[in-house]
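Next comes work34.tsv, with TSV, C-alpha atoms.
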```tsv
chain	number	residue	atom	x	y	z
A	271	HIS	CA	52.27	6.79	-42.09
A	272	PRO	CA	48.58	6.94	-43.11
A	273	LYS	CA	48.21	3.17	-42.72
A	274	ASN	CA	48.99	3.38	-38.96
A	275	ALA	CA	46.59	6.32	-38.47
A	276	LYS	CA	43.65	4.25	-39.75
A	277	ALA	CA	44.64	1.30	-37.56
A	278	ASN	CA	44.64	3.56	-34.49
A	279	GLN	CA	41.15	4.91	-35.34
A	280	ARG	CA	39.50	1.48	-35.57
A	281	PRO	CA	39.93	0.52	-31.89
A	282	ALA	CA	38.54	3.90	-30.83
A	283	ALA	CA	35.47	3.43	-33.05
A	284	THR	CA	35.05	-0.14	-31.80
A	285	MET	CA	35.28	1.05	-28.20
A	286	LYS	CA	32.63	3.75	-28.83
A	287	THR	CA	30.30	1.18	-30.41
A	288	THR	CA	30.86	-1.24	-27.54
A	289	ALA	CA	30.22	1.48	-24.97
A	290	LEU	CA	27.03	2.51	-26.77
A	291	LEU	CA	25.81	-1.09	-26.88
A	292	ALA	CA	26.60	-1.57	-23.19
A	293	ALA	CA	24.73	1.61	-22.24
A	294	THR	CA	21.72	0.57	-24.32
A	295	ALA	CA	21.70	-2.90	-22.74
A	296	ALA	CA	21.90	-1.38	-19.25
A	297	ALA	CA	19.01	0.96	-20.01
A	298	LEU	CA	16.88	-1.88	-21.36
A	299	ALA	CA	17.70	-4.06	-18.36
A	300	GLY	CA	16.47	-1.26	-16.10
A	301	LEU	CA	13.20	-1.05	-18.04
A	302	ALA	CA	12.58	-4.78	-18.06
A	303	SER	CA	12.81	-5.35	-14.33
A	304	PRO	CA	10.94	-8.48	-13.27
A	305	VAL	CA	8.95	-6.67	-10.59
A	306	SER	CA	6.47	-4.04	-11.69
A	307	ALA	CA	4.43	-1.65	-9.59
A	308	GLY	CA	1.38	-3.92	-9.32
A	309	ASP	CA	3.40	-6.92	-8.24
A	310	CYS	CA	4.05	-8.07	-4.69
A	311	GLU	CA	0.68	-6.80	-3.47
A	312	VAL	CA	0.11	-9.72	-1.07
A	313	CYS	CA	3.69	-9.63	0.21
A	314	ILE	CA	3.45	-5.87	0.78
A	315	LYS	CA	0.21	-6.33	2.73
A	316	VAL	CA	1.72	-9.10	4.89
A	317	MET	CA	4.89	-7.11	5.61
A	318	GLN	CA	2.87	-3.99	6.43
A	319	ASP	CA	0.59	-5.99	8.75
A	320	ILE	CA	3.64	-7.41	10.52
A	321	ARG	CA	5.19	-3.95	10.85
A	322	ASP	CA	1.89	-2.49	12.14
A	323	SER	CA	1.58	-5.24	14.75
A	324	MET	CA	4.97	-4.40	16.27
A	325	ASP	CA	6.03	-1.75	18.75
A	326	LYS	CA	8.04	1.01	17.12
A	327	ALA	CA	11.13	0.16	19.20
A	328	ASP	CA	11.00	-3.55	18.31
A	329	VAL	CA	11.00	-3.00	14.54
A	330	LYS	CA	14.78	-2.44	14.64
A	331	LYS	CA	15.48	-5.73	16.46
A	332	LYS	CA	15.87	-8.76	14.18
A	333	PRO	CA	14.80	-11.39	16.77
A	334	LYS	CA	11.65	-9.39	17.51
A	335	VAL	CA	10.91	-9.08	13.78
A	336	GLU	CA	11.31	-12.85	13.34
A	337	ALA	CA	9.02	-13.47	16.33
A	338	ALA	CA	6.42	-11.06	14.92
A	339	MET	CA	6.53	-12.90	11.58
A	340	GLY	CA	5.96	-16.18	13.40
A	341	GLU	CA	3.04	-14.75	15.38
A	342	TYR	CA	1.46	-13.24	12.26
A	343	CYS	CA	1.77	-16.46	10.28
A	344	ALA	CA	0.33	-18.52	13.16
A	345	ARG	CA	-2.95	-16.57	13.05
A	346	SER	CA	-5.99	-18.58	12.06
A	347	ASP	CA	-7.77	-15.69	10.32
A	348	LEU	CA	-5.29	-15.39	7.43
A	349	GLY	CA	-6.54	-15.79	3.88
A	350	PRO	CA	-5.04	-18.36	1.50
A	351	ARG	CA	-2.75	-15.84	-0.18
A	352	GLU	CA	-1.38	-14.51	3.09
A	353	ARG	CA	-0.73	-18.10	4.21
A	354	LYS	CA	1.12	-18.73	0.97
A	355	ILE	CA	3.40	-15.74	1.60
A	356	CYS	CA	3.99	-17.04	5.13
A	357	TYR	CA	4.89	-20.42	3.64
A	358	TYR	CA	7.47	-18.72	1.41
A	359	ILE	CA	8.99	-16.43	4.07
A	360	ASP	CA	9.10	-18.97	6.94
A	361	PRO	CA	12.36	-20.64	5.81
A	362	ILE	CA	14.00	-17.26	5.11
A	363	LYS	CA	12.82	-15.31	8.18
A	364	ARG	CA	16.34	-14.16	9.01
A	365	ASP	CA	16.92	-12.89	5.46
A	366	VAL	CA	13.60	-11.04	5.60
A	367	ALA	CA	14.27	-9.63	9.08
A	368	GLN	CA	17.56	-8.02	8.01
A	369	PRO	CA	16.19	-5.42	5.54
A	370	PHE	CA	12.96	-5.17	7.55
A	371	SER	CA	14.87	-4.16	10.70
A	372	THR	CA	16.80	-1.44	8.88
A	373	GLY	CA	13.53	0.38	8.25
A	374	MET	CA	13.44	-0.43	4.54
A	375	PRO	CA	9.99	0.24	3.00
A	376	VAL	CA	7.87	-2.91	2.75
A	377	ASP	CA	7.69	-2.82	-1.06
A	378	ARG	CA	11.48	-2.82	-1.25
A	379	VAL	CA	11.68	-5.65	1.31
A	380	CYS	CA	9.35	-7.71	-0.89
A	381	LYS	CA	11.31	-6.93	-4.03
A	382	ARG	CA	14.53	-7.94	-2.28
A	383	ILE	CA	13.20	-11.27	-1.02
A	384	ASN	CA	11.63	-11.86	-4.43
A	385	GLN	CA	15.17	-12.14	-5.78
A	386	SER	CA	15.71	-15.30	-3.71
A	387	ASN	CA	12.24	-16.74	-4.44
A	388	ASN	CA	10.57	-15.17	-7.46
A	389	GLU	CA	7.20	-16.73	-6.60
A	390	ILE	CA	6.74	-14.27	-3.72
A	391	CYS	CA	5.69	-11.42	-5.99
A	392	GLY	CA	3.65	-13.80	-8.11
A	393	VAL	CA	1.04	-14.18	-5.36
A	394	LYS	CA	-1.82	-11.81	-6.16
A	395	PHE	CA	-5.17	-11.02	-4.63
A	396	PRO	CA	-8.17	-12.31	-6.58
A	397	LEU	CA	-10.00	-10.08	-9.00
A	398	LYS	CA	-13.75	-9.84	-8.49
A	399	THR	CA	-15.62	-10.61	-11.72
A	400	GLU	CA	-19.02	-9.33	-10.74
A	401	LYS	CA	-20.05	-6.15	-12.54
A	402	LEU	CA	-17.21	-6.40	-15.05
A	403	GLU	CA	-17.85	-4.58	-18.30
A	404	PRO	CA	-16.92	-6.23	-21.62
A	405	LYS	CA	-14.06	-3.75	-21.97
A	406	ASP	CA	-12.76	-4.88	-18.55
A	407	LEU	CA	-12.96	-8.52	-19.60
A	408	SER	CA	-10.90	-7.74	-22.68
A	409	LYS	CA	-8.09	-6.54	-20.40
A	410	LEU	CA	-7.84	-9.95	-18.74
A	411	ARG	CA	-5.52	-12.68	-19.95
A	412	VAL	CA	-6.93	-15.83	-21.51
A	413	LYS	CA	-5.57	-17.78	-18.53
A	414	GLN	CA	-7.68	-15.61	-16.20
A	415	LEU	CA	-10.76	-16.03	-18.39
A	416	LYS	CA	-10.25	-19.81	-18.36
A	417	SER	CA	-9.97	-19.65	-14.57
A	418	ILE	CA	-13.29	-17.80	-14.31
A	419	LEU	CA	-14.97	-20.42	-16.48
A	420	ALA	CA	-13.41	-23.26	-14.46
A	421	ASP	CA	-14.70	-21.70	-11.23
A	422	ARG	CA	-18.17	-21.67	-12.79
A	423	GLY	CA	-17.82	-25.30	-13.83
A	424	VAL	CA	-17.97	-24.40	-17.52
A	425	GLU	CA	-15.60	-25.50	-20.25
A	426	CYS	CA	-15.14	-23.46	-23.40
A	427	THR	CA	-14.88	-26.29	-25.92
A	428	GLY	CA	-13.62	-25.12	-29.27
A	429	CYS	CA	-12.63	-21.67	-28.02
A	430	LEU	CA	-9.46	-20.47	-29.67
A	431	GLU	CA	-9.66	-16.70	-29.73
A	432	LYS	CA	-9.78	-14.44	-26.69
A	433	GLU	CA	-13.09	-12.97	-27.87
A	434	GLU	CA	-14.65	-16.45	-27.71
A	435	PHE	CA	-13.59	-16.83	-24.08
A	436	ILE	CA	-14.96	-13.35	-23.27
A	437	LYS	CA	-18.31	-14.25	-24.88
A	438	LYS	CA	-18.48	-17.51	-22.89
A	439	VAL	CA	-17.74	-15.64	-19.64
A	440	GLN	CA	-20.53	-13.18	-20.47
A	441	ASP	CA	-22.92	-16.00	-21.44
A	442	THR	CA	-22.30	-17.77	-18.11
A	443	GLU	CA	-22.66	-14.64	-15.98
A	444	HIS	CA	-25.74	-16.18	-14.30
A	445	LEU	CA	-23.48	-18.93	-12.87
A	446	ALA	CA	-21.22	-16.39	-11.21
A	447	GLY	CA	-21.37	-16.91	-7.47
A	448	ASN	CA	-18.39	-15.40	-5.74
A	449	ASP	CA	-15.97	-15.40	-8.63
A	450	GLU	CA	-12.38	-14.90	-7.55
A	451	PHE	CA	-9.21	-15.93	-9.28
```
For the structure just supplied, provide its representation as structure tokens.
Amino acid sequence: HPKNAKANQRPAATMKTTALLAATAAALAGLASPVSAGDCEVCIKVMQDIRDSMDKADVKKKPKVEAAMGEYCARSDLGPRERKICYYIDPIKRDVAQPFSTGMPVDRVCKRINQSNNEICGVKFPLKTEKLEPKDLSKLRVKQLKSILADRGVECTGCLEKEEFIKKVQDTEHLAGNDEF
């Protein structure tokens, strides 16, 4: 019966197409991970500082890790970004201590805790604007250019295009004190 042969081929073709689509989706999901290499820089620094402040034997003990986190975050010499990371990890110390105590690399610890609070990897160190070339300014986002201008107390009225913001940043270079954003 030729009619039945065609009917049997359709599900096989549909299954192949579905499998191909699923494999493509999985590959794209792997490429579009929310955490890229440059992310989590402040978290990685904080976790590394905590690990460096501990005795080698204590790194494997969760209560000691939690205590070390508390001691690190209680320091008065922390910058605003480090304090922000401490603010985020304080309520989840136990969840952070678990992968930390297994010897997981600090970047992976940060990526794991970023899954519970995706603002953790959003904290970044400021970019110095002094001695930036025009080509470097063109690599910045408009939001960052606006932030530079706001720090200088300048408003770019009527600016619509990125190039206009770049020109205004260059024109106000003399107002640049300690630009950080």
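Interatomic distance, CA of Asp328 in chain A against CA of Ile314 in chain A: 19.2 Å.
The shell of residues at most 7 Å from range 382-396 of chain A, with only C-alpha atoms counted and near chain neighbours (fewer than 6 positions) removed, consists of Asp309, Cys310, Glu311, Val312, Cys313, Arg351, Ile355, Tyr358, Val366, Glu450 and Phe451 of chain A.
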Closest atom pairs, residues of range 365-389 of chain A within 8 Å of range 334-344 of chain A, only C-alpha atoms, as a Markdown table:
```
| residue | atom | partner | partner_atom | distance |
| --- | --- | --- | --- | --- |
| A:Ala367 | CA | A:Val335 | CA | 5.8 |
| A:Phe370 | CA | A:Val335 | CA | 7.6 |
| A:Ser371 | CA | A:Val335 | CA | 7.0 |
```
(message) With distances taken over only C-alpha atoms, which residue among A:Pro333, A:Leu410, A:Val439, A:Gln318 lies nearest Asp365 in chain A?
(response)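 Among A:Pro333, A:Leu410, A:Val439, A:Gln318, it is A:Pro333 that comes nearest to Asp365 in chain A.
Take CA of Thr372 in chain A and CA of Lys354 in chain A: the distance between them is 24.6 Å.
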(request) Using all atoms listed in the file, find all polymer residues with an atom at most 6 Å away from the point (-17.2, -10.3, -21.8); report them as a list of chain:residue names. (result)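 It turns out the residues near that spot are A:Pro404, A:Leu407, A:Ile436, A:Lys437, A:Val439, A:Gln440.
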(request) Would you mind telling me which residue in A:Pro369, A:Lys416, A:Lys381, A:Asp347 lies nearest to Glu431 in chain A when using only C-alpha atoms? (result)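 Using only C-alpha atoms, the shortest distance to Glu431 in chain A belongs to A:Lys416.
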